[in-house]
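**Q** For reference, the structure I am asking about is given below.
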Amino acid sequence: MKKTALLSADSSASDTNDPLGSKDFLLFFRNAIINPRSVGALIPASHALSAKMAEICNSLKPSALVELGPGTGVITEKIRHLDPTLVEIDEKFSKRLRKKFPELEVFNECAVAFLENLDQPAGVICSIPLINNPAAKRIKAAIAKSRSAGHLEWVAIYSYGKTNPLNGCGFNNEHLVAKIPFNFPPARIWLNS
Ligand SMILES: C[S@@+](CC[C@H](N)C(=O)[O-])C[C@H]1O[C@@H](n2cnc3c(N)ncnc32)[C@H](O)[C@@H]1O
């Protein structure tokens, strides 16, 4: 999909302008208030949730890795060594991601547009909440289409509801990988392959 990452597995996104991450936290909170249906949570994913998502990516070794809806990049920090392509609809988040992860490719666009143009196999992390998201139906349809075209090796998605948001998208295997109580709201991670 693009250049090979040169970073080691334990590299982290240290930002000398924001060592405590408070700038990111405020940006996230502000965007959540302005655009609640699109952002879908009040605060970023917890360490426990991010670490579990990274564990999945490390073990599944996709041909290429895509993260949909990275926000301020809390999960990205833990998977940047895998050279993910980032797809984020919000302009301010995208700007922030480019600053924090200059080595990664950031698409400031809707996941639907990205998936429609995807033409090679990839594993996908989806952080976009599909319960209230205005594009939820179109995102699910784009995932189903991309899956049937053979471009999606797997999709790991987290959700605040009890059911797999990608049920019915054409995956052969759907399973609950983890329940993450230490997240706000508590989340479940589903792996679709
Ligand atoms: C719950 S936040 C997750 C952010 C990040 N994983 C975290 O926990 O900090 C959802 C993110 O999905 C993005 N998003 C929502 N709809 C999108 C779409 N159609 N295409 C791409 N990104 C989208 C939002 O802007 C937001 O950054």
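Following the order of the structure tokens, first chain is A, next is B, and so on, with residues numbered from 1 inside each chain and ligands from 1 in the order they appear.
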Any residue with an atom at most 7 Å from ligand 1 counts, using only C-alpha atoms and all ligand atoms. Which are they? Put them as a PDB file with C-alpha atoms, in the first residue's frame.

**A**
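After the write, pocket.pdb holds the following:
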```pdb
ATOM      1  CA  SER A  38     -19.740  11.360  14.353  1.00  0.00           C
ATOM      2  CA  VAL A  39     -17.248  11.188  17.239  1.00  0.00           C
ATOM      3  CA  GLY A  40     -19.487   8.872  19.260  1.00  0.00           C
ATOM      4  CA  ALA A  41     -17.640   9.043  22.607  1.00  0.00           C
ATOM      5  CA  ILE A  43     -13.161  10.740  25.639  1.00  0.00           C
ATOM      6  CA  PRO A  44     -10.577   8.743  23.659  1.00  0.00           C
ATOM      7  CA  ALA A  45     -10.170   4.979  23.944  1.00  0.00           C
ATOM      8  CA  LEU A  68     -10.677   4.003  10.237  1.00  0.00           C
ATOM      9  CA  GLY A  69     -11.559   6.852  12.610  1.00  0.00           C
ATOM     10  CA  PRO A  70      -8.266   7.233  14.522  1.00  0.00           C
ATOM     11  CA  GLY A  71      -9.340  10.504  16.211  1.00  0.00           C
ATOM     12  CA  THR A  72      -6.340  11.867  18.097  1.00  0.00           C
ATOM     13  CA  GLY A  73      -4.421   8.629  17.600  1.00  0.00           C
ATOM     14  CA  VAL A  74      -4.427   6.794  20.935  1.00  0.00           C
ATOM     15  CA  ILE A  75      -4.658   3.425  19.181  1.00  0.00           C
ATOM     16  CA  VAL A  87      -8.612   7.494   7.462  1.00  0.00           C
ATOM     17  CA  GLU A  88     -10.207  10.281   9.466  1.00  0.00           C
ATOM     18  CA  ILE A  89     -13.186  12.413   8.410  1.00  0.00           C
ATOM     19  CA  ASP A  90     -12.539  15.327  10.753  1.00  0.00           C
ATOM     20  CA  PHE A  93      -8.147  15.391  13.953  1.00  0.00           C
ATOM     21  CA  GLU A 109     -11.968  11.686   4.069  1.00  0.00           C
ATOM     22  CA  CYS A 110     -14.980   9.521   4.818  1.00  0.00           C
ATOM     23  CA  ALA A 111     -14.286   5.823   5.352  1.00  0.00           C
ATOM     24  CA  VAL A 112     -16.837   5.061   2.625  1.00  0.00           C
ATOM     25  CA  SER A 127     -13.000   2.867  15.596  1.00  0.00           C
ATOM     26  CA  ILE A 128     -16.049   4.526  14.086  1.00  0.00           C
ATOM     27  CA  PRO A 129     -19.085   4.023  16.313  1.00  0.00           C
ATOM     28  CA  ASN A 133     -23.059   7.615  13.016  1.00  0.00           C
ATOM     29  CA  ALA A 135     -22.859   7.297   7.601  1.00  0.00           C
ATOM     30  CA  ILE A 139     -19.964   2.360   5.961  1.00  0.00           C
TER      31      ILE A 139
END
```

**Q** DSSP on the backbone, then: every residue of chain A marked alpha helix (DSSP H), written as a PyMOL selection string.

**A** chain A and resi 22-34+36-39+47-60+74-79+91-100+111-117+136-148

**Q** Since we have the selection now, will you write its residues out, keeping C-alpha atoms, as a compact mmCIF listing (two decimals), in the first residue's frame?

**A**
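Saved file part-v8.txt follows:
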```
# COMPACT_ATOMS: atom_id res chain seq x y z
CA SER A 22 -3.96 17.16 27.51
CA LYS A 23 -4.12 18.98 24.16
CA ASP A 24 -5.39 15.78 22.50
CA PHE A 25 -7.86 15.17 25.28
CA LEU A 26 -9.33 18.67 24.94
CA LEU A 27 -9.46 18.45 21.16
CA PHE A 28 -11.30 15.15 21.40
CA PHE A 29 -13.74 16.43 24.02
CA ARG A 30 -14.43 19.60 22.03
CA ASN A 31 -15.10 17.65 18.82
CA ALA A 32 -17.32 15.23 20.74
CA ILE A 33 -19.48 18.12 21.95
CA ILE A 34 -19.64 19.78 18.52
CA PRO A 36 -21.48 13.90 18.95
CA ARG A 37 -22.92 11.49 16.38
CA SER A 38 -19.74 11.36 14.35
CA VAL A 39 -17.25 11.19 17.24
CA HIS A 47 -5.13 2.19 27.46
CA ALA A 48 -6.76 -1.23 27.93
CA LEU A 49 -8.79 -0.91 24.73
CA SER A 50 -5.88 0.48 22.68
CA ALA A 51 -3.53 -2.24 23.93
CA LYS A 52 -5.98 -5.00 23.01
CA MET A 53 -6.50 -3.58 19.52
CA ALA A 54 -2.70 -3.46 19.08
CA GLU A 55 -2.40 -7.06 20.27
CA ILE A 56 -4.88 -8.12 17.57
CA CYS A 57 -2.96 -6.27 14.86
CA ASN A 58 0.37 -7.69 16.01
CA SER A 59 -0.93 -11.26 15.97
CA LEU A 60 -2.84 -11.13 12.67
CA VAL A 74 -4.43 6.79 20.93
CA ILE A 75 -4.66 3.43 19.18
CA THR A 76 -2.37 4.64 16.39
CA GLU A 77 0.37 5.23 18.94
CA LYS A 78 0.37 1.52 19.74
CA ILE A 79 0.33 0.32 16.12
CA GLU A 91 -10.12 17.96 9.52
CA LYS A 92 -8.79 19.00 12.94
CA PHE A 93 -8.15 15.39 13.95
CA SER A 94 -6.43 14.78 10.60
CA LYS A 95 -4.17 17.78 11.10
CA ARG A 96 -3.25 16.54 14.55
CA LEU A 97 -2.56 13.02 13.26
CA ARG A 98 -0.23 14.36 10.55
CA LYS A 99 1.70 16.28 13.20
CA LYS A 100 1.98 13.35 15.59
CA ALA A 111 -14.29 5.82 5.35
CA VAL A 112 -16.84 5.06 2.62
CA ALA A 113 -14.81 6.89 -0.03
CA PHE A 114 -11.62 5.20 1.16
CA LEU A 115 -13.12 1.70 1.12
CA GLU A 116 -14.59 2.25 -2.33
CA ASN A 117 -11.09 2.95 -3.65
CA ALA A 136 -23.30 3.97 9.45
CA LYS A 137 -25.38 2.26 6.75
CA ARG A 138 -23.06 3.38 3.99
CA ILE A 139 -19.96 2.36 5.96
CA LYS A 140 -21.40 -1.13 6.54
CA ALA A 141 -22.34 -1.43 2.86
CA ALA A 142 -18.84 -0.33 1.81
CA ILE A 143 -17.28 -2.88 4.19
CA ALA A 144 -19.52 -5.64 2.83
CA LYS A 145 -18.64 -4.70 -0.77
CA SER A 146 -14.93 -4.53 -0.05
CA ARG A 147 -15.09 -7.88 1.73
CA SER A 148 -16.84 -9.57 -1.17
```

**Q** Mind checking which residues fall within 12 Å of Asn192 (chain A), counting only C-alpha atoms, ignoring those fewer than 2 positions away in the same chain, and posting them as a PyMOL selection string?

**A** chain A and resi 56+60+123-126+143-144+147+152-158+164-177+189-190

**Q** Save the residues we just selected, N, CA and C atoms, as an mmCIF file, in the first residue's frame?

**A**
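Once written, part17.cif looks like this:
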```
data_model
loop_
_atom_site.group_PDB
_atom_site.id
_atom_site.type_symbol
_atom_site.label_atom_id
_atom_site.label_comp_id
_atom_site.auth_asym_id
_atom_site.auth_seq_id
_atom_site.Cartn_x
_atom_site.Cartn_y
_atom_site.Cartn_z
ATOM 1 N N ILE A 56 -4.223 -7.471 18.713
ATOM 2 C CA ILE A 56 -4.883 -8.124 17.568
ATOM 3 C C ILE A 56 -4.079 -7.871 16.289
ATOM 4 N N LEU A 60 -2.243 -10.753 13.958
ATOM 5 C CA LEU A 60 -2.841 -11.134 12.669
ATOM 6 C C LEU A 60 -1.983 -10.795 11.453
ATOM 7 N N GLY A 123 -5.926 -5.521 6.490
ATOM 8 C CA GLY A 123 -6.632 -5.712 7.755
ATOM 9 C C GLY A 123 -7.067 -4.321 8.208
ATOM 10 N N VAL A 124 -8.219 -4.237 8.845
ATOM 11 C CA VAL A 124 -8.774 -2.924 9.194
ATOM 12 C C VAL A 124 -9.171 -2.867 10.669
ATOM 13 N N ILE A 125 -8.772 -1.775 11.298
ATOM 14 C CA ILE A 125 -9.308 -1.458 12.624
ATOM 15 C C ILE A 125 -10.373 -0.400 12.409
ATOM 16 N N CYS A 126 -11.556 -0.648 12.895
ATOM 17 C CA CYS A 126 -12.614 0.359 12.753
ATOM 18 C C CYS A 126 -12.973 0.910 14.129
ATOM 19 N N ILE A 143 -18.065 -1.769 3.623
ATOM 20 C CA ILE A 143 -17.277 -2.879 4.194
ATOM 21 C C ILE A 143 -17.707 -4.192 3.548
ATOM 22 N N ALA A 144 -19.021 -4.393 3.435
ATOM 23 C CA ALA A 144 -19.524 -5.640 2.832
ATOM 24 C C ALA A 144 -19.039 -5.778 1.385
ATOM 25 N N ARG A 147 -15.318 -6.492 1.303
ATOM 26 C CA ARG A 147 -15.094 -7.878 1.735
ATOM 27 C C ARG A 147 -15.377 -8.848 0.579
ATOM 28 N N LEU A 152 -10.756 -7.164 2.100
ATOM 29 C CA LEU A 152 -10.664 -7.071 3.560
ATOM 30 C C LEU A 152 -10.287 -8.429 4.154
ATOM 31 N N GLU A 153 -9.094 -8.522 4.691
ATOM 32 C CA GLU A 153 -8.666 -9.777 5.318
ATOM 33 C C GLU A 153 -9.434 -9.977 6.621
ATOM 34 N N TRP A 154 -9.537 -8.909 7.374
ATOM 35 C CA TRP A 154 -10.297 -8.937 8.629
ATOM 36 C C TRP A 154 -10.621 -7.506 9.035
ATOM 37 N N VAL A 155 -11.635 -7.371 9.877
ATOM 38 C CA VAL A 155 -11.950 -6.061 10.463
ATOM 39 C C VAL A 155 -12.137 -6.244 11.970
ATOM 40 N N ALA A 156 -11.331 -5.551 12.744
ATOM 41 C CA ALA A 156 -11.521 -5.525 14.201
ATOM 42 C C ALA A 156 -12.249 -4.224 14.521
ATOM 43 N N ILE A 157 -13.346 -4.358 15.235
ATOM 44 C CA ILE A 157 -14.159 -3.170 15.529
ATOM 45 C C ILE A 157 -14.526 -3.164 17.000
ATOM 46 N N TYR A 158 -14.531 -1.986 17.598
ATOM 47 C CA TYR A 158 -15.029 -1.940 18.973
ATOM 48 C C TYR A 158 -16.351 -1.190 18.998
ATOM 49 N N ASN A 164 -22.331 -7.416 17.537
ATOM 50 C CA ASN A 164 -21.296 -7.090 16.560
ATOM 51 C C ASN A 164 -21.879 -6.116 15.521
ATOM 52 N N PRO A 165 -21.308 -4.893 15.420
ATOM 53 C CA PRO A 165 -21.867 -3.917 14.481
ATOM 54 C C PRO A 165 -21.750 -4.373 13.027
ATOM 55 N N LEU A 166 -20.857 -5.330 12.744
ATOM 56 C CA LEU A 166 -20.645 -5.752 11.353
ATOM 57 C C LEU A 166 -21.329 -7.081 11.029
ATOM 58 N N ASN A 167 -22.235 -7.472 11.907
ATOM 59 C CA ASN A 167 -23.039 -8.654 11.630
ATOM 60 C C ASN A 167 -23.781 -8.448 10.304
ATOM 61 N N GLY A 168 -23.736 -9.448 9.439
ATOM 62 C CA GLY A 168 -24.444 -9.322 8.156
ATOM 63 C C GLY A 168 -23.617 -8.671 7.055
ATOM 64 N N CYS A 169 -22.323 -8.422 7.323
ATOM 65 C CA CYS A 169 -21.479 -7.790 6.296
ATOM 66 C C CYS A 169 -20.708 -8.825 5.460
ATOM 67 N N GLY A 170 -21.045 -10.104 5.636
ATOM 68 C CA GLY A 170 -20.467 -11.121 4.757
ATOM 69 C C GLY A 170 -19.192 -11.789 5.264
ATOM 70 N N PHE A 171 -18.888 -11.642 6.535
ATOM 71 C CA PHE A 171 -17.696 -12.310 7.072
ATOM 72 C C PHE A 171 -18.049 -13.753 7.459
ATOM 73 N N ASN A 172 -17.084 -14.668 7.277
ATOM 74 C CA ASN A 172 -17.331 -16.077 7.620
ATOM 75 C C ASN A 172 -17.245 -16.300 9.122
ATOM 76 N N ASN A 173 -16.350 -15.575 9.754
ATOM 77 C CA ASN A 173 -16.158 -15.738 11.201
ATOM 78 C C ASN A 173 -16.331 -14.399 11.897
ATOM 79 N N GLU A 174 -17.161 -14.423 12.929
ATOM 80 C CA GLU A 174 -17.356 -13.201 13.727
ATOM 81 C C GLU A 174 -17.233 -13.619 15.175
ATOM 82 N N HIS A 175 -16.259 -13.091 15.868
ATOM 83 C CA HIS A 175 -16.258 -13.446 17.286
ATOM 84 C C HIS A 175 -15.866 -12.312 18.222
ATOM 85 N N LEU A 176 -16.411 -12.434 19.421
ATOM 86 C CA LEU A 176 -16.139 -11.452 20.464
ATOM 87 C C LEU A 176 -14.753 -11.749 21.023
ATOM 88 N N VAL A 177 -13.810 -10.836 20.818
ATOM 89 C CA VAL A 177 -12.435 -11.060 21.266
ATOM 90 C C VAL A 177 -12.263 -10.674 22.726
ATOM 91 N N ILE A 189 -14.787 -5.770 21.831
ATOM 92 C CA ILE A 189 -14.059 -5.823 20.559
ATOM 93 C C ILE A 189 -14.489 -7.065 19.799
ATOM 94 N N TRP A 190 -14.852 -6.858 18.533
ATOM 95 C CA TRP A 190 -15.276 -7.948 17.672
ATOM 96 C C TRP A 190 -14.276 -8.116 16.539
#
```

**Q** Enter the distance from CA of Leu118 (chain A) to CA of Pro84 (chain A), in Å, rounded to one decimal.

**A**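 Rounded to one decimal, the two atoms are 13.9 Å apart.
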
**Q** I'd like the interatomic distance between CA of Tyr160 (chain A) and CA of Ala187 (chain A), to a tenth of an Å.

**A**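 Atom-to-atom, CA of Tyr160 (chain A) and CA of Ala187 (chain A) are spaced 4.6 Å apart.
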
**Q** DSSP on the backbone, then: every residue of region 64-133 of chain A marked strand (DSSP E or B), written as number ranges by chain.

**A** A: 65-68, 85-87, 106-107, 122-126

**Q** Report as a ChimeraX atom specification all protein, DNA and RNA residues lying within 7 Å of Thr85 (chain A), evaluated on only C-alpha atoms, omitting residues in the same chain fewer than 2 positions from it.

**A** /A:65-67,83,87,104-106

**Q** Any idea what the distance is between CA of Pro62 (chain A) and CA of Ala149 (chain A)?

**A**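 Going from CA of Pro62 (chain A) over to CA of Ala149 (chain A) covers 16.5 Å.
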